[in-house]
file structure_26.cif (mmCIF, C-alpha atoms)
data_query
loop_
_atom_site.label_atom_id
_atom_site.label_comp_id
_atom_site.auth_asym_id
_atom_site.auth_seq_id
_atom_site.Cartn_x
_atom_site.Cartn_y
_atom_site.Cartn_z
CA MET A 1 0.00 0.00 0.00
CA ARG A 2 1.53 3.36 -1.03
CA LEU A 3 1.65 6.50 1.06
CA LEU A 4 -1.04 9.12 0.60
CA PRO A 5 -0.16 12.75 -0.26
CA VAL A 6 -0.37 15.06 2.78
CA MET A 7 1.56 18.21 3.67
CA LEU A 8 2.87 18.36 7.23
CA ALA A 9 5.87 19.46 9.26
CA LEU A 10 7.67 16.66 11.06
CA VAL A 11 9.50 17.60 14.24
CA VAL A 12 12.48 15.28 14.73
CA VAL A 13 14.31 14.97 18.04
CA PRO A 14 17.75 13.38 17.54
CA SER A 15 18.95 10.76 19.99
CA ALA A 16 21.45 12.12 22.47
CA GLY A 17 24.93 11.57 21.03
CA ALA A 18 23.57 9.63 18.06
CA ALA A 19 25.67 9.67 14.89
CA ASP A 20 24.22 10.89 11.63
CA TRP A 21 23.20 8.49 8.92
CA SER A 22 25.63 8.15 6.03
CA THR A 23 24.87 9.63 2.62
CA PRO A 24 22.56 7.19 0.78
CA LYS A 25 24.41 4.90 -1.63
CA THR A 26 22.69 3.07 -4.47
CA ILE A 27 23.48 -0.67 -4.40
CA SER A 28 21.32 -1.86 -7.32
CA GLU A 29 20.78 -1.15 -10.97
CA VAL A 30 18.10 1.32 -12.01
CA SER A 31 15.04 -0.59 -13.26
CA THR A 32 11.34 -0.16 -13.86
CA PHE A 33 10.46 -1.16 -10.29
CA ALA A 34 12.49 -2.10 -7.19
CA SER A 35 11.02 -3.51 -3.99
CA ARG A 36 11.19 -5.86 -0.97
CA PRO A 37 14.67 -5.12 0.40
CA PHE A 38 15.99 -7.54 3.04
CA ILE A 39 19.24 -7.53 5.01
CA ALA A 40 20.81 -10.21 7.21
CA PHE A 41 24.02 -10.28 9.29
CA ASN A 42 26.08 -12.86 11.12
CA ALA A 43 28.31 -12.45 14.19
CA SER A 44 31.42 -11.66 12.11
CA GLY A 45 29.79 -8.47 10.84
CA ARG A 46 29.36 -9.68 7.29
CA GLY A 47 25.98 -9.39 5.68
CA VAL A 48 23.89 -10.04 2.62
CA ALA A 49 21.20 -7.85 1.07
CA GLY A 50 18.33 -9.12 -1.05
CA PHE A 51 15.79 -7.27 -3.17
CA GLU A 52 13.53 -7.56 -6.21
CA GLN A 53 13.66 -5.61 -9.46
CA GLN A 54 11.31 -5.61 -12.42
CA PHE A 55 12.53 -4.84 -15.92
CA GLY A 56 9.81 -3.83 -18.37
CA LEU A 57 6.13 -2.99 -17.95
CA GLY A 58 2.97 -5.09 -17.92
CA ASN A 59 3.14 -8.56 -19.44
CA ALA A 60 6.58 -7.73 -20.85
CA GLY A 61 7.98 -7.12 -17.38
CA HIS A 62 10.11 -9.72 -15.63
CA ASN A 63 10.57 -9.87 -11.86
CA ARG A 64 14.08 -10.80 -10.74
CA LEU A 65 15.64 -11.49 -7.35
CA PHE A 66 19.10 -10.11 -6.57
CA LEU A 67 21.60 -10.63 -3.74
CA ALA A 68 24.55 -8.40 -2.83
CA ASN A 69 27.28 -9.27 -0.33
CA ARG A 70 28.16 -6.72 2.35
CA ASP A 71 31.61 -6.85 3.93
CA ALA A 72 32.49 -5.99 7.54
CA ALA A 73 33.40 -2.44 6.48
CA GLY A 74 29.90 -1.86 5.11
CA ARG A 75 30.72 -2.06 1.39
CA TYR A 76 28.22 -3.79 -0.89
CA GLY A 77 29.39 -5.97 -3.75
CA ARG A 78 27.89 -6.18 -7.22
CA PRO A 79 24.35 -7.61 -7.10
CA ARG A 80 23.88 -11.04 -8.69
CA GLN A 81 20.60 -12.47 -9.88
CA LEU A 82 19.45 -15.55 -8.01
CA GLY A 83 17.46 -18.17 -9.90
CA PRO A 84 15.23 -17.59 -12.94
CA ASP A 85 12.96 -14.68 -13.80
CA GLU A 86 9.60 -14.49 -11.97
CA LEU A 87 11.18 -15.26 -8.59
CA PHE A 88 9.81 -13.32 -5.59
CA LEU A 89 11.71 -12.89 -2.32
CA GLY A 90 10.09 -14.21 0.87
CA GLY A 91 12.90 -14.21 3.44
CA LEU A 92 16.66 -14.11 3.97
CA SER A 93 19.05 -15.32 6.68
CA LEU A 94 22.81 -15.71 7.19
CA ASP A 95 24.34 -18.25 9.57
CA ARG A 96 27.60 -18.02 11.52
CA ARG A 97 29.49 -19.92 8.80
CA GLY A 98 28.50 -17.33 6.19
CA ARG A 99 25.91 -19.49 4.44
CA SER A 100 22.77 -17.75 3.22
CA THR A 101 19.25 -19.16 3.15
CA VAL A 102 16.79 -17.53 0.75
CA LEU A 103 13.06 -18.30 0.74
CA ALA A 104 11.44 -17.47 -2.60
CA VAL A 105 8.28 -18.10 -4.62
CA PHE A 106 8.47 -18.90 -8.31
CA SER A 107 5.20 -17.66 -9.81
CA LYS A 108 3.73 -16.97 -13.21
CA GLY A 109 0.41 -15.45 -12.35
CA GLY A 110 -0.50 -18.14 -9.82
CA GLN A 111 -0.06 -20.97 -12.33
CA ARG A 112 1.89 -23.77 -10.70
CA ASP A 113 3.58 -21.72 -8.00
CA ARG A 114 6.62 -23.21 -6.27
CA MET A 115 7.92 -22.40 -2.78
CA GLU A 116 11.70 -22.78 -2.98
CA VAL A 117 14.76 -22.47 -0.75
CA TYR A 118 18.21 -21.52 -2.02
CA SER A 119 21.18 -22.25 0.25
CA GLY A 120 24.79 -21.26 -0.38
CA ALA A 121 27.70 -18.98 0.43
CA GLY A 122 27.97 -15.40 -0.77
CA ALA A 123 25.73 -13.87 -3.40
CA GLY A 124 26.67 -16.28 -6.17
CA GLY A 125 27.49 -19.61 -4.56
CA PHE A 126 24.07 -21.26 -4.86
CA GLY A 127 23.16 -24.53 -6.48
CA ARG A 128 19.75 -25.85 -7.44
CA PRO A 129 16.96 -24.85 -5.05
CA GLN A 130 15.07 -27.24 -2.82
CA VAL A 131 11.39 -27.18 -3.76
CA LEU A 132 9.32 -27.15 -0.57
CA HIS A 133 5.90 -27.30 -2.20
CA THR A 134 4.24 -26.94 -5.60
CA SER A 135 0.69 -25.76 -6.14
CA PRO A 136 -0.93 -25.84 -9.60
CA TYR A 137 -3.89 -23.61 -8.82
CA THR A 138 -3.06 -20.84 -6.36
CA PHE A 139 -0.79 -17.98 -5.42
CA MET A 140 1.49 -18.83 -2.49
CA ARG A 141 1.12 -15.78 -0.27
CA THR A 142 2.96 -13.99 2.56
CA PRO A 143 6.07 -16.25 2.83
CA LYS A 144 8.12 -15.68 6.02
CA LEU A 145 11.46 -17.15 7.14
CA ALA A 146 13.11 -17.36 10.57
CA ALA A 147 16.53 -18.89 11.35
CA ASP A 148 19.21 -19.01 14.04
CA SER A 149 22.99 -18.67 13.74
CA ALA A 150 23.52 -22.45 13.60
CA GLY A 151 21.34 -22.82 10.48
CA ASP A 152 18.08 -24.10 11.97
CA ALA A 153 15.21 -22.54 10.03
CA ALA A 154 11.42 -22.43 9.70
CA ALA A 155 9.43 -21.19 6.69
CA ILE A 156 5.71 -20.44 6.76
CA TRP A 157 3.29 -19.23 4.09
CA ARG A 158 -0.37 -19.49 3.18
CA GLU A 159 -2.14 -21.05 0.23
CA LEU A 160 -5.44 -22.65 -0.79
CA PRO A 161 -5.65 -26.25 0.43
CA ARG A 162 -7.43 -27.47 -2.70
CA ARG A 163 -8.70 -26.19 -6.02
CA SER A 164 -12.26 -25.75 -4.74
CA GLY A 165 -11.13 -24.02 -1.52
CA ASN A 166 -11.98 -20.39 -0.89
CA THR A 167 -9.83 -19.63 2.19
CA ASP A 168 -6.15 -20.16 2.90
CA VAL A 169 -4.36 -22.46 5.32
CA ALA A 170 -0.91 -21.99 6.88
CA MET A 171 1.86 -24.21 5.48
CA LEU A 172 5.13 -24.89 7.32
CA ALA A 173 8.51 -26.43 6.46
CA THR A 174 11.41 -26.68 8.94
CA ARG A 175 15.11 -27.48 8.85
CA SER A 176 17.61 -28.62 11.48
CA ALA A 177 21.14 -27.27 11.06
CA GLY A 178 23.15 -29.28 8.55
CA HIS A 179 20.09 -30.87 6.93
CA ALA A 180 17.63 -30.08 4.16
CA PHE A 181 14.13 -28.80 4.85
CA GLY A 182 11.60 -31.47 5.68
CA ARG A 183 8.26 -32.04 4.00
CA ALA A 184 5.94 -29.02 3.88
CA ARG A 185 2.82 -29.60 5.96
CA ARG A 186 -0.44 -27.87 6.73
CA VAL A 187 -0.44 -26.55 10.31
CA SER A 188 -3.75 -24.67 10.60
CA ALA A 189 -7.43 -24.93 9.80
CA ALA A 190 -8.79 -22.89 6.87
CA GLY A 191 -9.50 -19.17 7.11
CA VAL A 192 -5.93 -17.82 7.51
CA SER A 193 -5.29 -14.21 6.45
CA ASP A 194 -1.77 -13.56 7.83
CA VAL A 195 1.17 -15.63 9.14
CA GLU A 196 4.36 -14.95 11.11
CA VAL A 197 7.31 -16.98 12.42
CA ALA A 198 10.13 -16.25 14.88
CA MET A 199 13.02 -18.38 16.16
CA ALA A 200 15.10 -18.45 19.35
CA GLY A 201 18.85 -18.99 19.52
CA ASN A 202 18.42 -22.71 20.25
CA GLY A 203 16.25 -23.49 17.22
CA GLU A 204 12.91 -23.36 19.04
CA PHE A 205 10.34 -21.39 17.07
CA VAL A 206 6.83 -19.97 17.23
CA VAL A 207 4.48 -19.89 14.25
CA THR A 208 1.37 -17.75 14.50
CA TRP A 209 -1.47 -16.73 12.23
CA LEU A 210 -4.72 -14.82 12.01
CA ARG A 211 -7.63 -17.17 11.29
CA ARG A 212 -11.08 -15.68 10.82
CA GLY A 213 -9.92 -12.73 12.89
CA LEU A 214 -8.61 -14.82 15.82
CA VAL A 215 -4.94 -15.25 16.76
CA GLU A 216 -3.51 -18.77 16.99
CA ALA A 217 0.02 -20.10 17.50
CA ARG A 218 2.10 -23.27 17.81
CA ILE A 219 5.52 -23.81 19.40
CA GLY A 220 8.00 -26.09 17.63
CA HIS A 221 11.57 -27.35 17.53
CA GLY A 222 13.00 -29.12 14.49
CA SER A 223 10.27 -31.34 13.05
CA LYS A 224 8.28 -31.35 16.31
CA LEU A 225 5.30 -29.04 16.59
CA GLY A 226 3.03 -28.43 19.56
CA ARG A 227 -0.73 -28.12 19.61
CA VAL A 228 -2.66 -25.08 18.41
CA LEU A 229 -2.88 -22.37 21.07
CA ARG A 230 -5.62 -19.75 20.91
CA LEU A 231 -4.05 -16.41 21.92
CA ALA A 232 -7.15 -14.28 21.34
CA ASN A 233 -10.53 -15.80 22.19
CA ASN A 234 -12.67 -12.69 21.92
CA HIS A 235 -15.00 -13.34 18.96
CA ARG A 236 -16.23 -9.74 19.18
CA GLU A 237 -12.76 -8.54 18.08
CA ARG A 238 -11.15 -9.19 14.70
CA GLY A 239 -7.38 -9.33 14.31
CA VAL A 240 -5.95 -7.16 11.55
CA SER A 241 -2.15 -7.41 11.54
CA LEU A 242 0.39 -9.59 13.30
CA ALA A 243 4.03 -9.70 14.53
CA ALA A 244 6.13 -12.23 16.43
CA THR A 245 9.58 -12.29 18.06
CA MET A 246 11.68 -14.58 20.29
CA ASP A 247 14.77 -13.88 22.39
CA GLY A 248 17.85 -16.05 22.77
CA ALA A 249 16.45 -17.83 25.83
CA GLY A 250 13.22 -18.85 24.10
CA ASP A 251 10.82 -16.25 25.46
CA ALA A 252 8.21 -15.40 22.81
CA LEU A 253 5.97 -12.42 22.18
CA VAL A 254 3.13 -12.21 19.67
CA ALA A 255 1.57 -8.81 19.01
CA TRP A 256 -1.44 -7.89 16.91
CA THR A 257 -3.89 -5.11 16.22
CA SER A 258 -7.65 -5.67 16.20
CA HIS A 259 -10.95 -3.90 15.84
CA ALA A 260 -14.56 -4.56 16.76
CA ARG A 261 -16.35 -6.72 14.19
CA THR A 262 -19.10 -4.12 13.87
CA LEU A 263 -18.39 -0.89 12.00
CA THR A 264 -20.23 1.55 14.24
CA PRO A 265 -19.16 4.98 15.48
CA SER A 266 -18.40 3.40 18.86
CA ALA A 267 -16.09 0.77 17.35
CA ARG A 268 -12.65 0.50 18.88
CA GLU A 269 -9.28 -0.46 17.55
CA GLN A 270 -6.60 -1.75 19.88
CA ALA A 271 -3.08 -3.15 20.03
CA ASN A 272 -2.53 -6.39 21.94
CA LEU A 273 0.24 -8.76 22.98
CA ALA A 274 0.63 -12.28 24.35
CA TYR A 275 3.86 -13.31 26.14
CA ARG A 276 5.37 -16.74 26.76
CA ARG A 277 8.23 -17.38 29.12
CA ASP A 278 10.63 -20.11 27.93
CA GLY A 279 9.26 -23.56 28.72
CA ARG A 280 5.83 -22.26 29.78
CA GLY A 281 2.55 -21.47 28.09
CA PHE A 282 1.41 -18.11 26.81
CA MET A 283 0.11 -15.73 29.44
CA PRO A 284 -3.37 -14.25 28.85
CA SER A 285 -3.26 -11.57 26.17
CA LYS A 286 -3.07 -7.93 27.21
CA GLN A 287 -4.37 -4.80 25.57
CA ILE A 288 -1.60 -2.25 25.04
CA ALA A 289 -3.71 0.64 23.82
CA GLY A 290 -7.21 1.29 22.53
CA TRP A 291 -9.03 4.26 21.11
CA GLY A 292 -12.45 5.25 19.88
CA ILE A 293 -12.75 5.87 16.14
CA GLN A 294 -15.16 6.77 13.45
CA PRO A 295 -16.07 3.83 11.20
CA VAL A 296 -12.91 4.12 9.08
CA LEU A 297 -10.33 1.53 10.05
CA THR A 298 -6.81 2.91 10.08
CA THR A 299 -4.81 0.10 11.67
CA GLY A 300 -2.13 -0.93 9.20
CA GLY A 301 0.76 -2.75 10.80
CA VAL A 302 2.58 -3.93 13.89
CA GLY A 303 6.18 -4.88 14.70
CA ALA A 304 7.97 -6.41 17.69
CA ALA A 305 11.56 -7.26 18.70
CA PHE A 306 13.35 -8.39 21.87
CA TYR A 307 16.26 -6.11 22.83
CA ALA A 308 17.19 -7.90 26.10
CA SER A 309 16.11 -11.06 27.91
CA GLY A 310 12.33 -10.83 28.36
CA ARG A 311 12.23 -7.21 27.15
CA ALA A 312 10.71 -6.26 23.83
CA VAL A 313 9.61 -3.23 21.84
CA VAL A 314 6.17 -3.33 20.21
CA ALA A 315 5.16 -0.74 17.59
CA TRP A 316 1.97 -0.28 15.63
CA ASN A 317 0.02 2.02 13.33
CA GLY A 318 -2.97 3.40 15.16
CA ARG A 319 -4.91 6.41 16.29
CA ASP A 320 -5.47 8.41 19.44
CA ALA A 321 -7.40 11.59 20.19
CA GLY A 322 -4.92 13.58 18.12
CA GLY A 323 -5.25 11.47 14.99
CA ASP A 324 -3.38 8.75 13.11
CA GLY A 325 0.24 7.93 13.85
CA VAL A 326 2.97 5.47 14.78
CA PHE A 327 3.01 4.32 18.42
CA ALA A 328 5.39 2.13 20.43
CA THR A 329 6.01 0.79 23.92
CA ALA A 330 8.64 -1.25 25.74
CA ALA A 331 7.26 -4.40 27.38
CA ALA A 332 8.99 -6.32 30.19
CA ALA A 333 7.93 -9.96 30.68
CA GLY A 334 4.76 -9.23 28.73
CA ALA A 335 3.78 -6.13 30.74
CA PRO A 336 3.57 -3.07 28.42
CA GLY A 337 5.01 0.23 29.61
CA THR A 338 4.09 3.77 28.69
CA VAL A 339 2.88 4.23 25.12
CA SER A 340 4.85 6.79 23.07
CA ARG A 341 3.73 8.51 19.89
CA LEU A 342 6.58 8.44 17.38
CA SER A 343 5.05 10.53 14.61
CA PRO A 344 3.13 13.83 14.61
CA ALA A 345 -0.65 13.64 14.82
CA LEU A 346 -2.79 13.77 11.70
CA SER A 347 -6.33 15.02 12.08
CA GLN A 348 -7.79 12.92 9.26
CA PRO A 349 -7.78 9.11 8.95
CA ALA A 350 -5.10 8.01 6.51
CA VAL A 351 -5.12 4.30 5.76
CA GLY A 352 -1.66 3.12 4.78
CA GLU A 353 0.13 6.20 6.06
CA HIS A 354 3.05 4.26 7.47
CA ASP A 355 4.59 1.64 5.23
CA GLN A 356 6.86 -1.22 6.31
CA LEU A 357 6.60 -0.48 10.03
CA GLN A 358 9.04 -2.69 11.94
CA ALA A 359 10.92 -3.02 15.21
CA VAL A 360 14.52 -4.28 15.23
CA ALA A 361 16.91 -4.99 18.10
CA GLY A 362 20.69 -5.09 18.37
CA GLY A 363 21.22 -6.60 21.80
CA GLY A 364 22.65 -4.79 24.80
CA GLY A 365 19.50 -2.73 25.14
CA LEU A 366 19.49 -1.40 21.56
CA ALA A 367 16.10 -1.25 19.85
CA THR A 368 14.74 0.86 17.00
CA VAL A 369 11.39 1.29 15.29
CA GLY A 370 11.63 2.03 11.58
CA TRP A 371 8.76 3.73 9.76
CA THR A 372 8.05 5.79 6.67
CA HIS A 373 5.98 8.93 6.67
CA PHE A 374 4.18 11.23 4.27
CA GLY A 375 6.19 13.72 2.28
CA PRO A 376 5.28 16.62 -0.03
CA GLU A 377 4.40 15.61 -3.58
CA GLY A 378 6.73 18.14 -5.14
CA ARG A 379 6.98 17.58 -8.89
CA ASN A 380 5.71 14.00 -8.62
CA THR A 381 2.17 12.83 -9.11
CA ASN A 382 2.81 10.04 -6.59
CA SER A 383 3.47 10.79 -2.95
CA GLN A 384 6.93 10.45 -1.48
CA GLY A 385 7.76 8.64 1.72
CA PHE A 386 10.63 9.43 4.07
CA LEU A 387 12.26 6.89 6.35
CA PHE A 388 12.72 7.53 10.08
CA ALA A 389 14.30 5.59 12.92
CA SER A 390 12.97 5.95 16.46
CA ASP A 391 15.43 4.68 19.08
CA LEU A 392 14.47 3.37 22.51
CA ASN A 393 16.17 5.31 25.30
CA ALA A 394 16.99 4.39 28.90
CA SER A 395 13.81 5.97 30.26
CA GLY A 396 11.55 3.87 28.01
CA GLY A 397 10.79 6.69 25.57
CA PHE A 398 11.86 7.12 21.96
CA ALA A 399 13.92 9.68 20.03
CA THR A 400 13.58 9.99 16.26
CA GLN A 401 16.12 10.57 13.49
CA PRO A 402 15.60 10.95 9.74
CA VAL A 403 17.32 8.26 7.69
CA SER A 404 16.68 9.01 4.04
CA GLY A 405 16.45 12.80 4.25
CA SER A 406 13.94 15.08 2.58
CA ALA A 407 15.39 14.62 -0.91
CA ASN A 408 15.07 10.85 -1.09
CA ASP A 409 12.00 8.66 -1.43
CA ALA A 410 11.86 5.65 0.89
CA LEU A 411 8.72 3.75 0.03
CA ASP A 412 9.66 0.19 0.99
CA ALA A 413 12.26 0.01 3.74
CA THR A 414 14.02 -2.37 6.12
CA LEU A 415 16.44 -1.93 9.04
CA GLY A 416 18.98 -4.30 10.59
CA TYR A 417 21.58 -4.17 13.37
CA ASN A 418 25.10 -5.49 12.77
CA PRO A 419 25.82 -7.66 15.86
CA ARG A 420 29.58 -7.08 15.64
CA ASP A 421 29.78 -3.27 15.87
CA ARG A 422 26.09 -2.56 16.63
CA SER A 423 25.78 -0.23 13.66
CA LEU A 424 22.30 0.12 12.17
CA SER A 425 21.80 -0.34 8.42
CA ALA A 426 18.85 0.70 6.30
CA LEU A 427 17.77 -0.31 2.79
CA TRP A 428 14.88 1.20 0.89
CA GLU A 429 13.24 1.61 -2.51
CA ALA A 430 14.00 4.97 -4.09
CA LYS A 431 12.61 6.62 -7.22
CA GLU A 432 14.36 8.66 -9.85
CA SER A 433 11.05 9.82 -11.27
CA ALA A 434 7.38 9.24 -10.56
CA ALA A 435 5.95 11.81 -12.97
CA ALA A 436 2.82 11.04 -14.94
CA PHE A 437 3.31 9.20 -18.26
CA VAL A 438 6.98 8.58 -17.44
CA THR A 439 8.26 5.02 -17.00
CA PRO A 440 9.24 4.61 -13.33
CA ARG A 441 12.98 4.42 -12.63
CA GLU A 442 13.58 2.80 -9.26
CA PHE A 443 16.57 1.46 -7.33
CA ILE A 444 17.66 0.31 -3.86
CA ASP A 445 19.48 2.80 -1.64
CA ALA A 446 21.46 1.99 1.51
CA SER A 447 22.65 3.99 4.51
CA VAL A 448 24.34 3.15 7.84
CA ARG A 449 24.53 4.76 11.28
CA ARG A 450 27.55 3.84 13.40
#
call {"tool": "encode", "arguments": {"input": "structure_26.cif", "output": "structure tokens"}}
result
Amino acid sequence: MRLLPVMLALVVVPSAGAADWSTPKTISEVSTFASRPFIAFNASGRGVAGFEQQFGLGNAGHNRLFLANRDAAGRYGRPRQLGPDELFLGGLSLDRRGRSTVLAVFSKGGQRDRMEVYSGAGAGGFGRPQVLHTSPYTFMRTPKLAADSAGDAAAIWRELPRRSGNTDVAMLATRSAGHAFGRARRVSAAGVSDVEVAMAGNGEFVVTWLRRGLVEARIGHGSKLGRVLRLANNHRERGVSLAATMDGAGDALVAWTSHARTLTPSAREQANLAYRRDGRGFMPSKQIAGWGIQPVLTTGGVGAAFYASGRAVVAWNGRDAGGDGVFATAAAAGAPGTVSRLSPALSQPAVGEHDQLQAVAGGGGLATVGWTHFGPEGRNTNSQGFLFASDLNASGGFATQPVSGSANDALDATLGYNPRDRSLSALWEAKESAAAFVTPREFIDASVRR
């Protein structure tokens, strides 16, 4: 969903002593479209970036997946195409040995889609992919990948269970370090609209999904998978968006936004979380924040990340008395703290205002919420988005810095901490031109804050 054009002044409060972001550097070719940037690091400080580019318009366009190595000094190598045309990126990880795992969907308009995994070293050292599942009659949607430093991994996505089906199920495939992925299997009942997966440092993982508006989850390790757990039992509320995270010890947190199933002026949206201590069940879900709204639903995303044992940041798109915005809180052992507004208030509902909202953590108490915000249209007929990073401080509040600057679009962004030097890297889609009747010229930009 693209950002909507609105004029506003954004007041940014820099973090105390925070370094400036480096001048954006283009790491891809210029193509018709660029999207879905990912970045992954290992403990040595090396990384790999992944992104999609489309060359050509309409039926003549071809979607391609590219990888670029990143060395410990922050330099990106030449991007190399992975696999054939019509490959779409679903997830990316890098283990401690420097081996990458790439989850991707091969799709030609939903005709015989394939969920595939590429494993190899560097951006070019990949052999034939492992095909996890093939479907002759449906799009494979919302693929997600989680992995640990040893190489354990879990991939989840949704698809129709049969040709005559009309609602999706969640599909899962897992891998133990040093082995191939096992057989893909259905792990939910029908009615799934969103899926997420997160993994701890010991290979334990949580898979969670929204099914008919309710939140469900299962805990697993290797090929073993626990029973379905209902995290939200309130049938009067409907889940909208979902996030999940685990810390090194195996604590898990699932966060989601929801709204009343009836669209009345008294309807309420709210942000929620459910917390699980390692080796125990999920605690009853808690409401983080709620607000009264007019019957226009503005909830658009949620993100979560552990920054210390049992301590996580949860962020979401929502609304308070001042209007739409980005909100966040730090939660300790599942107990949310004070809610902070990260963006200025907007008086009018603006669905899709904040794109690619996410929370990332770097260990040692470092946590950041990344979000994009409206920008002036300028000469473009499309709106521009600017990327911001809001850092958690010692008092539990947040301080915000611009990442991309006012001269650079940032419409599809991702952030990632380097565990070696704790620098924060950002990748985003940028546009050379978005004028009417002009072929788009897009590329992937990168910046780092040390």
call {"tool": "resolve_selection", "arguments": {"input": "structure_26.cif", "expression": "the PyMOL selection byres ((chain A and resi 84) around 9)", "output": "list in words"}}
result
Arg64, Leu65, Gln81, Leu82, Gly83, Asp85, Glu86, Leu87 and Phe106 of chain A
call {"tool": "residues_around", "arguments": {"input": "structure_26.cif", "residues": "Pro136 (chain A)", "least_positions_apart": "4", "cutoff": "12 Å", "atoms": "only C-alpha atoms", "output": "list in words"}}
result
Phe106, Ser107, Lys108, Gly109, Gly110, Gln111, Arg112, Asp113, Arg114, Met115, Met140, Glu159, Leu160, Pro161, Arg162 and Arg163 of chain A
call {"tool": "atom_distance", "arguments": {"input": "structure_26.cif", "atom1": "CA of Gly125 (chain A)", "atom2": "CA of Phe38 (chain A)"}}
result
18.3 Å
call {"tool": "residues_around", "arguments": {"input": "structure_26.cif", "residues": "Gly310 (chain A)", "least_positions_apart": "2", "cutoff": "8 Å", "atoms": "all atoms listed in the file", "output": "ChimeraX atom specification"}}
result
/A:247,251,277,306,308,312,332-334
call {"tool": "residues_around", "arguments": {"input": "structure_26.cif", "residues": "Val215 (chain A)", "least_positions_apart": "3", "cutoff": "12 Å", "atoms": "only C-alpha atoms", "output": "JSON list (two decimals) with C-alpha atoms, in the coordinates of the input"}}
result
[["chain", "number", "residue", "atom", "x", "y", "z"],
["A", 188, "SER", "CA", -3.75, -24.67, 10.60],
["A", 191, "GLY", "CA", -9.50, -19.17, 7.11],
["A", 192, "VAL", "CA", -5.93, -17.82, 7.51],
["A", 193, "SER", "CA", -5.29, -14.21, 6.45],
["A", 194, "ASP", "CA", -1.77, -13.56, 7.83],
["A", 195, "VAL", "CA", 1.17, -15.63, 9.14],
["A", 196, "GLU", "CA", 4.36, -14.95, 11.11],
["A", 207, "VAL", "CA", 4.48, -19.89, 14.25],
["A", 208, "THR", "CA", 1.37, -17.75, 14.50],
["A", 209, "TRP", "CA", -1.47, -16.73, 12.23],
["A", 210, "LEU", "CA", -4.72, -14.82, 12.01],
["A", 211, "ARG", "CA", -7.63, -17.17, 11.29],
["A", 212, "ARG", "CA", -11.08, -15.68, 10.82],
["A", 218, "ARG", "CA", 2.10, -23.27, 17.81],
["A", 228, "VAL", "CA", -2.66, -25.08, 18.41],
["A", 229, "LEU", "CA", -2.88, -22.37, 21.07],
["A", 230, "ARG", "CA", -5.62, -19.75, 20.91],
["A", 231, "LEU", "CA", -4.05, -16.41, 21.92],
["A", 232, "ALA", "CA", -7.15, -14.28, 21.34],
["A", 233, "ASN", "CA", -10.53, -15.80, 22.19],
["A", 234, "ASN", "CA", -12.67, -12.69, 21.92],
["A", 235, "HIS", "CA", -15.00, -13.34, 18.96],
["A", 237, "GLU", "CA", -12.76, -8.54, 18.08],
["A", 238, "ARG", "CA", -11.15, -9.19, 14.70],
["A", 239, "GLY", "CA", -7.38, -9.33, 14.31],
["A", 240, "VAL", "CA", -5.95, -7.16, 11.55],
["A", 241, "SER", "CA", -2.15, -7.41, 11.54],
["A", 242, "LEU", "CA", 0.39, -9.59, 13.30],
["A", 243, "ALA", "CA", 4.03, -9.70, 14.53],
["A", 244, "ALA", "CA", 6.13, -12.23, 16.43],
["A", 254, "VAL", "CA", 3.13, -12.21, 19.67],
["A", 255, "ALA", "CA", 1.57, -8.81, 19.01],
["A", 256, "TRP", "CA", -1.44, -7.89, 16.91],
["A", 257, "THR", "CA", -3.89, -5.11, 16.22],
["A", 258, "SER", "CA", -7.65, -5.67, 16.20],
["A", 272, "ASN", "CA", -2.53, -6.39, 21.94],
["A", 273, "LEU", "CA", 0.24, -8.76, 22.98],
["A", 274, "ALA", "CA", 0.63, -12.28, 24.35],
["A", 285, "SER", "CA", -3.26, -11.57, 26.17]]
call {"tool": "atom_distance", "arguments": {"input": "structure_26.cif", "atom1": "CA of Asn42 (chain A)", "atom2": "CA of Ser404 (chain A)"}}
result
24.8 Å
call {"tool": "closest_residue", "arguments": {"input": "structure_26.cif", "among": "A:Ala249, A:Ala177, A:Leu366, A:Val206", "to": "Ser149 (chain A)", "atoms": "all atoms listed in the file"}}
result
A:Ala177
call {"tool": "residues_around", "arguments": {"input": "structure_26.cif", "residues": "Val369 (chain A)", "least_positions_apart": "3", "cutoff": "10 Å", "atoms": "all atoms listed in the file", "output": "ChimeraX atom specification"}}
result
/A:303-305,313-316,326-328,342,357-361,388-392,398-400,415
call {"tool": "write_last_selection", "arguments": {"input": "structure_26.cif", "atoms": "C-alpha atoms", "output": "compact mmCIF listing (two decimals), in the frame of the given file"}}
result
# COMPACT_ATOMS: atom_id res chain seq x y z
CA GLY A 303 6.18 -4.88 14.70
CA ALA A 304 7.97 -6.41 17.69
CA ALA A 305 11.56 -7.26 18.70
CA VAL A 313 9.61 -3.23 21.84
CA VAL A 314 6.17 -3.33 20.21
CA ALA A 315 5.16 -0.74 17.59
CA TRP A 316 1.97 -0.28 15.63
CA VAL A 326 2.97 5.47 14.78
CA PHE A 327 3.01 4.32 18.42
CA ALA A 328 5.39 2.13 20.43
CA LEU A 342 6.58 8.44 17.38
CA LEU A 357 6.60 -0.48 10.03
CA GLN A 358 9.04 -2.69 11.94
CA ALA A 359 10.92 -3.02 15.21
CA VAL A 360 14.52 -4.28 15.23
CA ALA A 361 16.91 -4.99 18.10
CA PHE A 388 12.72 7.53 10.08
CA ALA A 389 14.30 5.59 12.92
CA SER A 390 12.97 5.95 16.46
CA ASP A 391 15.43 4.68 19.08
CA LEU A 392 14.47 3.37 22.51
CA PHE A 398 11.86 7.12 21.96
CA ALA A 399 13.92 9.68 20.03
CA THR A 400 13.58 9.99 16.26
CA LEU A 415 16.44 -1.93 9.04
